[in-house]
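Next up, upload18.txt (compact mmCIF, C-alpha atoms):
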# COMPACT_ATOMS: atom_id res chain seq x y z
CA VAL I 1 104.81 201.15 -23.11
CA GLY I 2 106.67 200.10 -19.96
CA GLU I 3 109.53 197.67 -19.49
CA PRO I 4 111.44 196.20 -21.25
CA VAL I 5 111.05 198.87 -23.99
CA ASN I 6 111.21 201.82 -21.58
CA THR I 7 114.34 202.11 -19.42
CA SER I 8 116.03 204.84 -17.37
CA LYS I 9 117.76 205.94 -20.59
CA ASP I 10 116.35 208.00 -23.45
CA ASP I 11 113.92 205.67 -25.26
CA PHE I 12 111.88 207.30 -28.03
CA ALA I 13 110.11 207.02 -31.40
CA PHE I 14 108.28 203.72 -30.78
CA SER I 15 106.31 202.43 -33.78
CA PHE I 16 104.39 199.20 -34.33
CA ASN I 17 103.54 197.38 -37.55
CA LYS I 18 100.23 195.58 -36.94
CA THR I 19 100.44 193.65 -40.20
CA LYS I 20 103.80 192.09 -39.36
CA ASN I 21 103.16 192.13 -35.59
CA VAL I 22 106.52 193.75 -34.80
CA GLY I 23 107.66 197.07 -33.29
CA PHE I 24 110.73 199.31 -33.43
CA PHE I 25 112.07 202.02 -31.13
CA SER I 26 115.15 204.16 -30.63
CA SER I 27 117.30 204.26 -27.49
CA ASN I 28 120.65 205.50 -26.22
CA LYS I 29 120.78 202.74 -23.58
CA THR I 30 124.30 201.74 -24.75
CA GLY I 31 125.53 205.35 -24.91
CA LYS I 32 124.72 205.72 -28.60
CA ASP I 33 121.38 206.11 -30.38
CA LYS I 34 120.41 202.80 -31.94
CA ILE I 35 117.24 201.22 -33.36
CA TYR I 36 115.85 198.19 -31.54
CA GLN I 37 113.22 195.64 -32.52
CA ALA I 38 110.38 194.82 -30.12
CA ASN I 39 108.51 191.50 -30.47
CA PRO I 40 105.25 191.38 -28.50
CA VAL I 41 104.73 188.64 -25.93
CA CYS I 42 101.35 187.01 -26.54
CA GLY I 43 99.49 185.16 -23.83
CA VAL I 44 96.02 183.73 -23.19
CA GLN I 45 94.25 183.33 -19.87
CA ALA I 46 92.21 180.11 -20.04
CA ILE I 47 89.58 179.94 -17.28
CA ALA I 48 87.51 176.85 -16.45
CA THR I 49 84.41 177.22 -14.28
CA VAL I 50 83.36 173.80 -12.97
CA LYS I 51 79.66 173.32 -12.20
CA ASP I 52 77.11 170.58 -11.60
CA ALA I 53 75.39 170.24 -14.98
CA LYS I 54 72.01 169.50 -13.36
CA THR I 55 71.89 172.05 -10.53
CA GLY I 56 74.26 174.73 -11.80
CA LYS I 57 76.07 174.71 -8.46
CA THR I 58 79.80 175.50 -8.59
CA LEU I 59 82.04 172.56 -7.68
CA SER I 60 85.10 173.00 -5.48
CA GLY I 61 87.89 170.42 -5.33
CA ALA I 62 87.51 169.35 -8.95
CA ARG I 63 90.76 168.26 -10.60
CA VAL I 64 91.34 170.40 -13.68
CA ALA I 65 94.28 169.39 -15.87
CA ILE I 66 95.38 171.33 -18.92
CA LEU I 67 96.62 169.29 -21.89
CA ASP I 68 98.56 170.41 -24.95
CA ASP I 69 97.56 169.59 -28.53
CA LYS I 70 99.26 166.19 -28.20
CA LYS I 71 97.16 165.32 -25.13
CA ASN I 72 100.12 165.61 -22.75
CA VAL I 73 99.18 166.85 -19.27
CA ILE I 74 101.00 170.12 -18.58
CA GLU I 75 99.68 170.78 -15.06
CA THR I 76 96.78 169.87 -12.76
CA ARG I 77 95.09 172.18 -10.25
CA ASN I 78 92.01 171.96 -8.02
CA SER I 79 89.06 174.31 -8.35
CA GLY I 80 88.35 176.70 -5.48
CA ALA I 81 85.06 177.49 -3.76
CA ASP I 82 84.02 179.47 -6.84
CA GLY I 83 84.65 176.43 -9.08
CA ILE I 84 87.31 178.33 -11.03
CA VAL I 85 90.74 177.25 -12.26
CA SER I 86 92.86 179.59 -14.40
CA TYR I 87 95.91 178.89 -16.55
CA ASN I 88 98.14 181.22 -18.57
CA VAL I 89 98.93 179.60 -21.91
CA ASP I 90 100.46 180.52 -25.27
CA CYS I 91 98.62 182.27 -28.08
CA ASN I 92 97.52 180.45 -31.21
CA LYS I 93 97.81 177.00 -29.67
CA ALA I 94 95.00 174.55 -28.97
CA TYR I 95 94.61 173.14 -25.47
CA THR I 96 92.16 170.93 -23.60
CA PHE I 97 90.78 171.00 -20.06
CA GLN I 98 90.41 167.53 -18.51
CA VAL I 99 88.07 167.77 -15.52
CA ALA I 100 87.27 165.15 -12.86
CA LYS I 101 85.53 165.09 -9.50
CA ASP I 102 84.31 162.24 -7.31
CA GLY I 103 80.61 161.63 -7.83
CA PHE I 104 80.64 163.12 -11.34
CA GLU I 105 81.42 161.89 -14.83
CA SER I 106 84.85 163.01 -16.01
CA ASN I 107 84.90 165.07 -19.19
CA THR I 108 87.15 167.04 -21.53
CA PHE I 109 86.61 170.56 -22.85
CA PRO I 110 88.53 171.95 -25.87
CA ILE I 111 90.16 175.38 -25.74
CA ALA I 112 90.31 176.87 -29.23
CA LYS I 113 93.32 178.73 -30.58
CA THR I 114 93.13 182.46 -29.98
CA ASN I 115 95.40 185.48 -30.44
CA GLY I 116 95.48 186.69 -26.84
CA GLY I 117 92.84 187.68 -24.33
CA VAL I 118 90.69 185.62 -22.00
CA VAL I 119 88.92 182.35 -22.86
CA ASN I 120 86.15 181.24 -20.52
CA ILE I 121 85.17 177.57 -20.58
CA ALA I 122 81.99 176.26 -18.94
CA ALA I 123 83.14 172.90 -17.56
CA ASP I 124 79.79 171.36 -16.57
CA LEU I 125 80.00 167.83 -15.14
CA GLN I 126 77.15 165.33 -15.12
CA PRO I 127 76.53 163.72 -11.70
CA ILE I 128 76.97 159.97 -11.72
CA ASP I 129 73.62 158.25 -11.90
CA VAL I 130 73.98 154.47 -11.65
CA ILE I 131 71.29 151.84 -11.13
CA VAL I 132 72.33 149.21 -8.58
CA THR I 133 70.02 146.19 -8.30
CA GLU I 134 70.37 143.08 -6.16
CA LYS I 135 72.17 141.28 -8.97
CA GLU I 136 74.04 143.82 -11.07
CA ILE I 137 75.25 147.35 -11.61
CA ILE I 138 73.59 148.79 -14.70
CA LEU I 139 75.61 151.24 -16.74
CA LYS I 140 75.26 152.41 -20.28
CA GLU I 141 76.70 149.76 -22.55
CA ILE I 142 80.50 149.53 -22.64
CA PHE I 143 80.61 149.05 -26.39
CA PHE I 144 83.75 147.92 -28.19
CA GLU I 145 84.86 148.56 -31.73
CA PHE I 146 84.71 145.61 -34.12
CA ASN I 147 87.49 143.09 -33.46
CA LYS I 148 89.09 145.25 -30.72
CA SER I 149 89.41 145.02 -26.94
CA ASN I 150 90.72 148.47 -26.02
CA ILE I 151 88.60 150.71 -23.78
CA THR I 152 87.13 153.62 -25.75
CA GLN I 153 86.82 157.12 -24.29
CA GLU I 154 83.05 156.64 -24.03
CA GLY I 155 83.60 153.34 -22.26
CA ALA I 156 86.04 154.95 -19.83
CA PHE I 157 83.41 157.52 -18.81
CA GLU I 158 81.00 154.70 -17.94
CA LEU I 159 83.61 152.65 -16.11
CA ASP I 160 84.47 155.69 -14.01
CA LYS I 161 80.90 155.46 -12.67
CA LEU I 162 81.51 151.83 -11.67
CA VAL I 163 84.73 152.85 -9.95
CA GLN I 164 82.89 155.51 -7.96
CA VAL I 165 80.16 153.06 -6.86
CA MET I 166 82.80 150.55 -5.74
CA LYS I 167 84.74 153.21 -3.83
CA ASN I 168 81.55 154.23 -2.04
CA ASN I 169 80.80 150.61 -1.12
CA GLY I 170 83.97 148.80 -0.16
CA GLN I 171 82.16 145.46 0.25
CA LEU I 172 81.16 145.15 -3.41
CA VAL I 173 82.75 142.36 -5.44
CA ILE I 174 82.05 142.50 -9.17
CA MET I 175 82.20 139.94 -11.97
CA VAL I 176 82.59 141.38 -15.48
CA LYS I 177 81.07 139.35 -18.31
CA GLY I 178 82.45 140.12 -21.77
CA HIS I 179 80.44 139.45 -24.92
CA THR I 180 81.04 139.66 -28.68
CA ASP I 181 78.88 139.74 -31.78
CA ASN I 182 78.59 136.53 -33.84
CA ARG I 183 81.08 137.40 -36.56
CA GLY I 184 84.13 135.14 -36.47
CA SER I 185 84.59 131.62 -35.10
CA ASP I 186 83.25 130.57 -31.71
CA GLN I 187 86.75 130.10 -30.29
CA TYR I 188 88.05 133.39 -31.65
CA ASN I 189 85.07 135.24 -30.18
CA MET I 190 85.55 133.49 -26.83
CA ASN I 191 89.17 134.68 -26.73
CA LEU I 192 88.23 138.19 -27.88
CA SER I 193 85.50 138.53 -25.25
CA ASP I 194 87.93 137.32 -22.58
CA ARG I 195 90.42 140.02 -23.61
CA ARG I 196 87.63 142.59 -23.44
CA ALA I 197 86.56 141.47 -19.98
CA LYS I 198 90.14 141.56 -18.73
CA ALA I 199 90.73 145.00 -20.31
CA THR I 200 87.66 146.23 -18.45
CA VAL I 201 88.94 144.74 -15.19
CA GLN I 202 92.40 146.25 -15.66
CA TYR I 203 90.93 149.70 -16.29
CA VAL I 204 88.94 149.54 -13.04
CA ILE I 205 92.00 148.32 -11.11
CA SER I 206 94.06 151.16 -12.60
CA LYS I 207 91.62 153.60 -10.96
CA GLY I 208 92.40 152.33 -7.45
CA ILE I 209 90.07 149.35 -7.00
CA ALA I 210 91.69 146.27 -5.40
CA ALA I 211 92.21 143.34 -7.78
CA SER I 212 90.40 141.09 -5.30
CA LYS I 213 87.22 143.15 -5.79
CA ILE I 214 86.76 142.57 -9.50
CA SER I 215 87.25 139.72 -11.97
CA GLY I 216 86.29 139.10 -15.57
CA LYS I 217 85.49 136.33 -18.01
CA GLY I 218 84.59 136.15 -21.68
CA TYR I 219 81.46 134.45 -22.97
CA GLY I 220 82.02 134.99 -26.67
CA GLU I 221 78.86 135.00 -28.74
CA SER I 222 77.09 132.47 -26.48
CA GLU I 223 74.80 135.03 -24.76
CA PRO I 224 73.69 137.60 -27.36
CA LYS I 225 71.60 140.52 -26.18
CA VAL I 226 69.88 140.50 -29.57
CA ASP I 227 69.57 136.96 -30.97
CA CYS I 228 69.58 138.00 -34.62
CA LYS I 229 71.66 135.03 -35.80
CA GLU I 230 72.91 135.62 -39.38
CA ASN I 231 70.69 138.63 -40.10
CA CYS I 232 72.12 141.15 -37.64
CA THR I 233 72.30 144.82 -38.48
CA GLU I 234 75.40 146.84 -37.51
CA GLU I 235 73.44 148.29 -34.60
CA GLU I 236 72.50 144.82 -33.36
CA HIS I 237 76.10 143.65 -33.69
CA ALA I 238 77.15 146.68 -31.62
CA GLN I 239 74.64 145.85 -28.89
CA ASN I 240 76.04 142.34 -28.63
CA ARG I 241 79.61 143.66 -28.16
CA ARG I 242 79.23 144.59 -24.50
CA SER I 243 80.25 144.12 -20.88
CA GLU I 244 77.96 143.29 -17.97
CA PHE I 245 78.66 143.85 -14.27
CA LEU I 246 77.27 141.21 -11.92
CA ILE I 247 77.36 141.68 -8.14
CA VAL I 248 79.08 138.68 -6.57
CA LYS I 249 79.06 140.11 -3.05
CA LYS I 250 77.46 143.18 -1.48
Please express what this file holds, its structure, as structure tokens.
Amino acid sequence: VGEPVNTSKDDFAFSFNKTKNVGFFSSNKTGKDKIYQANPVCGVQAIATVKDAKTGKTLSGARVAILDDKKNVIETRNSGADGIVSYNVDCNKAYTFQVAKDGFESNTFPIAKTNGGVVNIAADLQPIDVIVTEKEIILKEIFFEFNKSNITQEGAFELDKLVQVMKNNGQLVIMVKGHTDNRGSDQYNMNLSDRRAKATVQYVISKGIAASKISGKGYGESEPKVDCKENCTEEEHAQNRRSEFLIVKK
């Protein structure tokens, strides 16, 4: 069985209990025959292959982080020319690949618990496809949860597209307009939408965009996308909780 069970001494009578996942063997390594316990070391090779989801082309230079079950980043590596990044991790623990590359939407890919072996993960990234008009940058809606101003994971994916567009065009200056649904008082909604706009701005700045390139302001419930007044459905309320991205300067 090799080291560390086998040594230059007389090691013999190895047995392994598969039910209890433990082994025993005899050895005279100390000068006397004794029985030793052998606990197997269990490892998993987690392999991410990063590709363009539309073309199937492998992507080099993608940043592939591996996270533990508490979402802490353990390590980050870049994919090679073959698009592959490999990590050796512990058995029977859940992990997550967090993958990012310029020009593509960032994404996460779960790694299920397994008792050893190799786990292959297809980490396909969607290329960023953003509509830029003369007046605005059109993304999917940056929806917010009711009565909250924190950026959701779905919202972060969309804002990463805005960040990429702004990095590719250093002259762009953006104004973020924050909106709420019509539940709550006018003043409360104005304050809430302002917090949402500023949270959006801070997220973009945190990704490396200069503060002078983006600003934000709340408009409360004054500019609903769906003017449903007091008869709004939950879906219509959700559509009115949004951010818009106006181009101030190109």
Distance cut-off 12 Å, centre (120.3, 203.4, -30.6) in file coordinates, counting all atoms listed in the file: which residues qualify? Return them as a ChimeraX atom specification.
/I:9-13,24-37
Rounded to one decimal place, report the atom CA of Gln98 of chain I-atom CA of Gly80 of chain I distance in Å.
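The value is 16.1 Å.
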Contacts of Arg183 of chain I at 12 Å or less, counting all atoms listed in the file, minus same-chain residues fewer than 3 places along, as a list in words?
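Counting only the stated atoms, we get Phe146, Asn147, His179, Thr180, Asp186, Gln187, Tyr188, Asn189, Met190, Leu192, Gly220, Glu221, Ser222, Pro224, Cys228, Lys229, Glu230, Asn231, Cys232, Thr233, Glu234, Glu236, His237, Ala238, Asn240 and Arg241 of chain I.
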Nearest residue to Asp129 of chain I from the set I:Gly216, I:Ile111, I:Val89, I:Lys54 (distances using all atoms listed in the file)
I:Lys54
What does the structure give for the distance between atom CA of Ser149 of chain I and atom CA of Lys101 of chain I, in Å to one decimal?
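Atom CA of Lys101 of chain I lies 26.9 Å from atom CA of Ser149 of chain I.
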For atom CA of Glu105 of chain I and atom CA of Thr55 of chain I, the interatomic separation in Å (one decimal):
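Going from atom CA of Glu105 of chain I over to atom CA of Thr55 of chain I covers 14.6 Å.
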Which residue is closest to Lys135 of chain I? Choose from I:Leu159, I:Val22, I:Phe16, I:Leu246 and count all atoms listed in the file.
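Of I:Leu159, I:Val22, I:Phe16, I:Leu246, the one nearest Lys135 of chain I is I:Leu246, counting all atoms listed in the file.
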Can you pull out the residues contacting Ala62 of chain I? Cut-off 8 Å, using all atoms listed in the file, and skip same-chain residues under 6 positions away; I want them as number ranges by chain.
I: 50, 78-79, 83, 99-102
Using only C-alpha atoms, find the one residue out of I:Ala122, I:Ala112, I:Ala199, I:Val85 that sits nearest to Ile151 of chain I.
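Using only C-alpha atoms, Ile151 of chain I sits closest to I:Ala199.
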Excluding Lys70 of chain I and its own-chain neighbours fewer than 4 positions away, which residues fall within 10 Å of it when counting only C-alpha atoms? Please give them as a PyMOL selection string.
chain I and resi 94-96
I'd like to know which of I:Glu158, I:Asp181, I:Asp52, I:Glu141 is closest to Gln126 of chain I, using all atoms listed in the file.
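For Gln126 of chain I, the nearest of the candidates is I:Asp52.
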